[in-house]
>>> print(open('coords.cif').read())   # mmCIF, C-alpha atoms, pLDDT in the B column; chains and numbers go by the auth columns
data_run
loop_
_atom_site.group_PDB
_atom_site.id
_atom_site.type_symbol
_atom_site.label_atom_id
_atom_site.label_comp_id
_atom_site.label_asym_id
_atom_site.label_seq_id
_atom_site.Cartn_x
_atom_site.Cartn_y
_atom_site.Cartn_z
_atom_site.B_iso_or_equiv
_atom_site.auth_seq_id
_atom_site.auth_asym_id
ATOM 1 C CA MET A 1 29.898 21.142 2.201 69.00 68 C
ATOM 2 C CA ASP A 2 29.786 18.673 5.068 90.00 69 C
ATOM 3 C CA THR A 3 30.012 14.986 4.163 91.00 70 C
ATOM 4 C CA PHE A 4 26.687 14.268 5.877 91.00 71 C
ATOM 5 C CA TRP A 5 24.797 16.770 3.722 92.00 72 C
ATOM 6 C CA ILE A 6 26.399 15.470 0.540 91.00 73 C
ATOM 7 C CA ALA A 7 25.369 11.922 1.444 91.00 74 C
ATOM 8 C CA PHE A 8 21.891 13.159 2.431 92.00 75 C
ATOM 9 C CA ARG A 9 21.459 15.009 -0.871 92.00 76 C
ATOM 10 C CA ASN A 10 22.674 11.975 -2.846 90.00 77 C
ATOM 11 C CA SER A 11 20.232 9.729 -0.972 90.00 78 C
ATOM 12 C CA ILE A 12 17.304 12.056 -1.712 92.00 79 C
ATOM 13 C CA VAL A 13 18.245 12.304 -5.401 89.00 80 C
ATOM 14 C CA PHE A 14 18.561 8.528 -5.614 90.00 81 C
ATOM 15 C CA LEU A 15 15.212 8.055 -3.855 89.00 82 C
ATOM 16 C CA VAL A 16 13.361 10.428 -6.164 90.00 83 C
ATOM 17 C CA VAL A 17 14.937 9.139 -9.383 89.00 84 C
ATOM 18 C CA ALA A 18 14.415 5.485 -8.392 88.00 85 C
ATOM 19 C CA ALA A 19 10.776 6.090 -7.396 88.00 86 C
ATOM 20 C CA ILE A 20 9.998 7.872 -10.663 91.00 87 C
ATOM 21 C CA PHE A 21 11.802 5.238 -12.744 88.00 88 C
ATOM 22 C CA LYS A 22 10.101 2.331 -10.955 87.00 89 C
ATOM 23 C CA SER A 23 6.686 3.959 -11.306 90.00 90 C
ATOM 24 C CA LEU A 24 7.139 4.646 -15.021 90.00 91 C
ATOM 25 C CA LEU A 25 8.570 1.202 -15.706 86.00 92 C
ATOM 26 C CA GLY A 26 5.882 -0.611 -13.708 84.00 93 C
ATOM 27 C CA THR A 27 3.003 1.321 -15.237 89.00 94 C
ATOM 28 C CA SER A 28 4.381 0.966 -18.768 88.00 95 C
ATOM 29 C CA LEU A 29 4.912 -2.760 -18.316 84.00 96 C
ATOM 30 C CA ALA A 30 1.411 -3.191 -16.884 86.00 97 C
ATOM 31 C CA PHE A 31 -0.193 -1.411 -19.829 90.00 98 C
ATOM 32 C CA LEU A 32 1.991 -3.344 -22.249 86.00 99 C
ATOM 33 C CA LEU A 33 0.971 -6.691 -20.739 85.00 100 C
ATOM 34 C CA LEU A 34 -2.708 -5.794 -21.018 89.00 101 C
ATOM 35 C CA GLN A 35 -2.414 -5.917 -24.809 90.00 102 C
ATOM 36 C CA GLU A 36 -2.990 -9.142 -26.719 91.00 103 C
ATOM 37 C CA PHE A 37 0.118 -10.491 -28.462 88.00 104 C
ATOM 38 C CA PRO A 38 1.724 -13.861 -29.145 91.00 105 C
ATOM 39 C CA GLY A 39 3.749 -15.126 -26.190 87.00 106 C
ATOM 40 C CA LYS A 40 1.858 -13.015 -23.640 88.00 107 C
ATOM 41 C CA LYS A 41 1.763 -15.843 -21.074 88.00 108 C
ATOM 42 C CA LEU A 42 5.484 -16.475 -21.444 89.00 109 C
ATOM 43 C CA ILE A 43 6.316 -12.792 -20.953 86.00 110 C
ATOM 44 C CA ARG A 44 4.045 -12.589 -17.894 85.00 111 C
ATOM 45 C CA GLY A 45 5.799 -15.625 -16.452 84.00 112 C
ATOM 46 C CA LEU A 46 9.218 -14.079 -17.046 84.00 113 C
ATOM 47 C CA VAL A 47 8.117 -10.839 -15.388 82.00 114 C
ATOM 48 C CA VAL A 48 7.055 -12.718 -12.224 80.00 115 C
ATOM 49 C CA ILE A 49 10.366 -14.612 -11.821 80.00 116 C
ATOM 50 C CA PRO A 50 12.224 -11.845 -9.932 77.00 117 C
ATOM 51 C CA PHE A 51 9.426 -11.764 -7.344 75.00 118 C
ATOM 52 C CA THR A 52 9.157 -15.517 -6.831 77.00 119 C
ATOM 53 C CA LEU A 53 12.803 -16.578 -7.021 79.00 120 C
ATOM 54 C CA PRO A 54 13.942 -15.089 -3.685 80.00 121 C
ATOM 55 C CA ILE A 55 11.066 -16.857 -1.915 76.00 122 C
ATOM 56 C CA ALA A 56 11.916 -20.186 -3.534 80.00 123 C
ATOM 57 C CA ILE A 57 15.598 -19.856 -2.620 84.00 124 C
ATOM 58 C CA SER A 58 14.673 -18.897 0.935 77.00 125 C
ATOM 59 C CA VAL A 59 12.452 -21.965 1.257 79.00 126 C
ATOM 60 C CA LEU A 60 15.267 -24.216 0.047 83.00 127 C
ATOM 61 C CA ALA A 61 17.730 -22.632 2.482 82.00 128 C
ATOM 62 C CA TRP A 62 15.394 -23.116 5.439 78.00 129 C
ATOM 63 C CA LYS A 63 14.672 -26.678 4.333 79.00 130 C
ATOM 64 C CA TRP A 64 18.423 -27.364 4.307 81.00 131 C
ATOM 65 C CA MET A 65 18.922 -25.771 7.726 79.00 132 C
ATOM 66 C CA TYR A 66 16.244 -28.022 9.258 75.00 133 C
ATOM 67 C CA ASP A 67 17.072 -31.164 7.287 77.00 134 C
ATOM 68 C CA SER A 68 17.265 -34.165 9.622 71.00 135 C
ATOM 69 C CA GLN A 69 20.444 -35.589 8.105 75.00 136 C
ATOM 70 C CA PHE A 70 22.418 -32.662 6.657 75.00 137 C
ATOM 71 C CA SER A 71 21.223 -29.833 8.887 78.00 138 C
ATOM 72 C CA VAL A 72 23.617 -27.012 9.617 80.00 139 C
ATOM 73 C CA ILE A 73 21.746 -26.445 12.889 78.00 140 C
ATOM 74 C CA ASN A 74 22.268 -30.056 13.983 78.00 141 C
ATOM 75 C CA TRP A 75 25.926 -29.840 12.954 81.00 142 C
ATOM 76 C CA VAL A 76 26.523 -26.733 15.078 82.00 143 C
ATOM 77 C CA LEU A 77 24.644 -28.184 18.057 80.00 144 C
ATOM 78 C CA SER A 78 26.601 -31.435 17.849 80.00 145 C
ATOM 79 C CA ARG A 79 29.925 -29.554 17.644 84.00 146 C
ATOM 80 C CA LEU A 80 28.951 -27.567 20.740 86.00 147 C
ATOM 81 C CA GLY A 81 28.099 -30.807 22.518 83.00 148 C
ATOM 82 C CA LEU A 82 24.445 -29.910 22.998 79.00 149 C
ATOM 83 C CA ILE A 83 23.196 -32.977 21.122 76.00 150 C
ATOM 84 C CA GLY A 84 24.849 -36.363 20.871 72.00 151 C
ATOM 85 C CA GLN A 85 24.084 -37.436 17.351 69.00 152 C
ATOM 86 C CA TYR A 86 21.931 -36.276 14.531 64.00 153 C
ATOM 87 C CA GLY A 87 20.258 -37.904 11.606 59.00 154 C
ATOM 88 C CA THR A 88 16.734 -38.053 12.960 54.00 155 C
ATOM 89 C CA ASP A 89 14.152 -35.308 13.215 52.00 156 C
ATOM 90 C CA SER A 90 14.792 -33.623 16.529 51.00 157 C
ATOM 91 C CA GLY A 91 11.447 -31.807 16.680 53.00 158 C
ATOM 92 C CA ARG A 92 12.945 -28.363 16.083 54.00 159 C
ATOM 93 C CA SER A 93 11.459 -28.070 12.593 54.00 160 C
ATOM 94 C CA GLY A 94 8.296 -26.510 14.041 55.00 161 C
ATOM 95 C CA SER A 95 10.175 -23.246 14.416 53.00 162 C
ATOM 96 C CA ALA A 96 11.037 -23.181 10.707 56.00 163 C
ATOM 97 C CA ILE A 97 7.802 -21.520 9.596 57.00 164 C
ATOM 98 C CA PRO A 98 7.913 -18.548 12.014 58.00 165 C
ATOM 99 C CA GLY A 99 11.625 -18.211 11.331 58.00 166 C
ATOM 100 C CA TRP A 100 11.074 -18.250 7.595 56.00 167 C
ATOM 101 C CA ARG A 101 8.342 -15.618 7.848 57.00 168 C
ATOM 102 C CA CYS A 102 10.590 -13.295 9.891 60.00 169 C
ATOM 103 C CA TRP A 103 13.585 -13.802 7.612 55.00 170 C
ATOM 104 C CA PRO A 104 12.529 -11.412 4.782 56.00 171 C
ATOM 105 C CA ALA A 105 11.625 -8.650 7.251 54.00 172 C
ATOM 106 C CA SER A 106 15.061 -8.570 8.859 51.00 173 C
ATOM 107 C CA PRO A 107 17.883 -6.647 7.201 42.00 174 C
#
>>> encode(input="coords.cif", output="structure tokens")
Amino acid sequence: MDTFWIAFRNSIVFLVVAAIFKSLLGTSLAFLLLQEFPGKKLIRGLVVIPFTLPIAISVLAWKWMYDSQFSVINWVLSRLGLIGQYGTDSGRSGSAIPGWRCWPASP
């Protein structure tokens, strides 16, 4: 069998198995969290962490990139000779929000 068709078949199998598993796990967890039990709020909080953590880390990374004193962008621009010195806000931080919103959509 050609390598392409083997890879294609493996991708389809992975897609189907992952979709079924995620659906069963998500539905089961949702029904489980509808029940009343001690520590329900703690468990709900722990379930949300994987969804919120990447956003929080992304925000911190963009904040660091646009930091007025320790910015990696200012460092690169100063090494290229495009800016003389850095340590003050150069006005480029306005592009941080559109850049941050496009970041998760890019591969």
>>> atom_distance(input="coords.cif", atom1="atom CA of Phe81 of chain C", atom2="atom CA of Thr119 of chain C")
25.8 Å
>>> atom_distance(input="coords.cif", atom1="atom CA of Arg146 of chain C", atom2="atom CA of Met132 of chain C")
15.3 Å
>>> atom_distance(input="coords.cif", atom1="atom CA of Ala128 of chain C", atom2="atom CA of Asn141 of chain C")
14.4 Å
>>> decode(input="coords.cif", residues="segment 101-143 of chain C", atoms="N, CA and C atoms", output="compact mmCIF listing (two decimals), in the first residue's frame")
# COMPACT_ATOMS: atom_id res chain seq x y z
N LEU C 101 -22.98 18.21 36.93
CA LEU C 101 -24.32 18.71 37.24
C LEU C 101 -24.81 18.19 38.59
N GLN C 102 -24.24 17.11 39.06
CA GLN C 102 -24.63 16.51 40.33
C GLN C 102 -24.10 17.35 41.49
N GLU C 103 -24.80 17.29 42.60
CA GLU C 103 -24.34 17.98 43.81
C GLU C 103 -23.42 17.05 44.59
N PHE C 104 -22.23 17.53 44.94
CA PHE C 104 -21.29 16.77 45.75
C PHE C 104 -20.32 17.74 46.40
N PRO C 105 -19.70 17.33 47.50
CA PRO C 105 -18.73 18.21 48.16
C PRO C 105 -17.52 18.44 47.26
N GLY C 106 -17.08 19.69 47.18
CA GLY C 106 -15.93 20.04 46.37
C GLY C 106 -16.27 20.30 44.91
N LYS C 107 -17.55 20.49 44.61
CA LYS C 107 -17.99 20.69 43.23
C LYS C 107 -17.34 21.93 42.61
N LYS C 108 -17.25 23.02 43.38
CA LYS C 108 -16.65 24.25 42.85
C LYS C 108 -15.17 24.06 42.57
N LEU C 109 -14.49 23.33 43.41
CA LEU C 109 -13.07 23.07 43.21
C LEU C 109 -12.85 22.25 41.94
N ILE C 110 -13.65 21.22 41.76
CA ILE C 110 -13.52 20.37 40.57
C ILE C 110 -13.83 21.16 39.31
N ARG C 111 -14.86 22.00 39.34
CA ARG C 111 -15.18 22.84 38.18
C ARG C 111 -14.02 23.77 37.86
N GLY C 112 -13.41 24.33 38.89
CA GLY C 112 -12.25 25.20 38.68
C GLY C 112 -11.08 24.45 38.06
N LEU C 113 -10.85 23.22 38.52
CA LEU C 113 -9.75 22.43 37.96
C LEU C 113 -10.01 22.03 36.51
N VAL C 114 -11.28 21.81 36.17
CA VAL C 114 -11.63 21.45 34.80
C VAL C 114 -11.39 22.61 33.85
N VAL C 115 -11.55 23.85 34.31
CA VAL C 115 -11.42 25.03 33.46
C VAL C 115 -9.95 25.41 33.23
N ILE C 116 -9.05 24.96 34.08
CA ILE C 116 -7.63 25.36 33.98
C ILE C 116 -7.03 25.10 32.60
N PRO C 117 -7.22 23.94 32.00
CA PRO C 117 -6.59 23.73 30.68
C PRO C 117 -7.07 24.70 29.60
N PHE C 118 -8.25 25.28 29.77
CA PHE C 118 -8.76 26.22 28.78
C PHE C 118 -8.24 27.63 29.03
N THR C 119 -8.01 27.98 30.29
CA THR C 119 -7.60 29.34 30.61
C THR C 119 -6.08 29.52 30.65
N LEU C 120 -5.34 28.49 30.94
CA LEU C 120 -3.90 28.61 31.09
C LEU C 120 -3.19 29.06 29.82
N PRO C 121 -3.50 28.51 28.64
CA PRO C 121 -2.82 29.00 27.44
C PRO C 121 -3.06 30.49 27.19
N ILE C 122 -4.25 30.98 27.48
CA ILE C 122 -4.55 32.40 27.30
C ILE C 122 -3.72 33.24 28.26
N ALA C 123 -3.63 32.81 29.51
CA ALA C 123 -2.86 33.56 30.49
C ALA C 123 -1.38 33.59 30.12
N ILE C 124 -0.84 32.48 29.66
CA ILE C 124 0.57 32.43 29.26
C ILE C 124 0.79 33.30 28.03
N SER C 125 -0.14 33.29 27.11
CA SER C 125 -0.03 34.13 25.92
C SER C 125 -0.04 35.61 26.29
N VAL C 126 -0.89 35.99 27.21
CA VAL C 126 -0.93 37.39 27.66
C VAL C 126 0.40 37.79 28.28
N LEU C 127 0.97 36.94 29.11
CA LEU C 127 2.25 37.25 29.73
C LEU C 127 3.37 37.36 28.69
N ALA C 128 3.34 36.50 27.68
CA ALA C 128 4.36 36.55 26.63
C ALA C 128 4.26 37.85 25.84
N TRP C 129 3.04 38.24 25.48
CA TRP C 129 2.88 39.49 24.74
C TRP C 129 3.23 40.68 25.61
N LYS C 130 2.92 40.63 26.88
CA LYS C 130 3.29 41.72 27.79
C LYS C 130 4.81 41.85 27.84
N TRP C 131 5.52 40.73 27.89
CA TRP C 131 6.98 40.76 27.90
C TRP C 131 7.54 41.31 26.59
N MET C 132 6.94 40.91 25.46
CA MET C 132 7.44 41.37 24.18
C MET C 132 7.29 42.88 24.01
N TYR C 133 6.27 43.48 24.62
CA TYR C 133 6.03 44.91 24.50
C TYR C 133 6.44 45.68 25.74
N ASP C 134 7.13 45.05 26.67
CA ASP C 134 7.58 45.74 27.87
C ASP C 134 8.52 46.87 27.48
N SER C 135 8.40 48.03 28.14
CA SER C 135 9.21 49.18 27.75
C SER C 135 10.68 49.01 28.11
N GLN C 136 11.00 48.25 29.12
CA GLN C 136 12.39 48.13 29.55
C GLN C 136 13.05 46.82 29.09
N PHE C 137 12.33 45.72 29.12
CA PHE C 137 12.92 44.42 28.82
C PHE C 137 12.34 43.79 27.55
N SER C 138 11.86 44.60 26.65
CA SER C 138 11.19 44.10 25.46
C SER C 138 12.14 43.42 24.49
N VAL C 139 11.74 42.25 24.02
CA VAL C 139 12.52 41.56 23.01
C VAL C 139 12.42 42.31 21.67
N ILE C 140 11.31 42.96 21.43
CA ILE C 140 11.14 43.74 20.20
C ILE C 140 12.09 44.93 20.20
N ASN C 141 12.15 45.67 21.31
CA ASN C 141 13.08 46.78 21.41
C ASN C 141 14.53 46.32 21.30
N TRP C 142 14.84 45.16 21.88
CA TRP C 142 16.20 44.64 21.81
C TRP C 142 16.60 44.35 20.36
N VAL C 143 15.71 43.69 19.61
CA VAL C 143 16.00 43.37 18.22
C VAL C 143 16.14 44.65 17.40
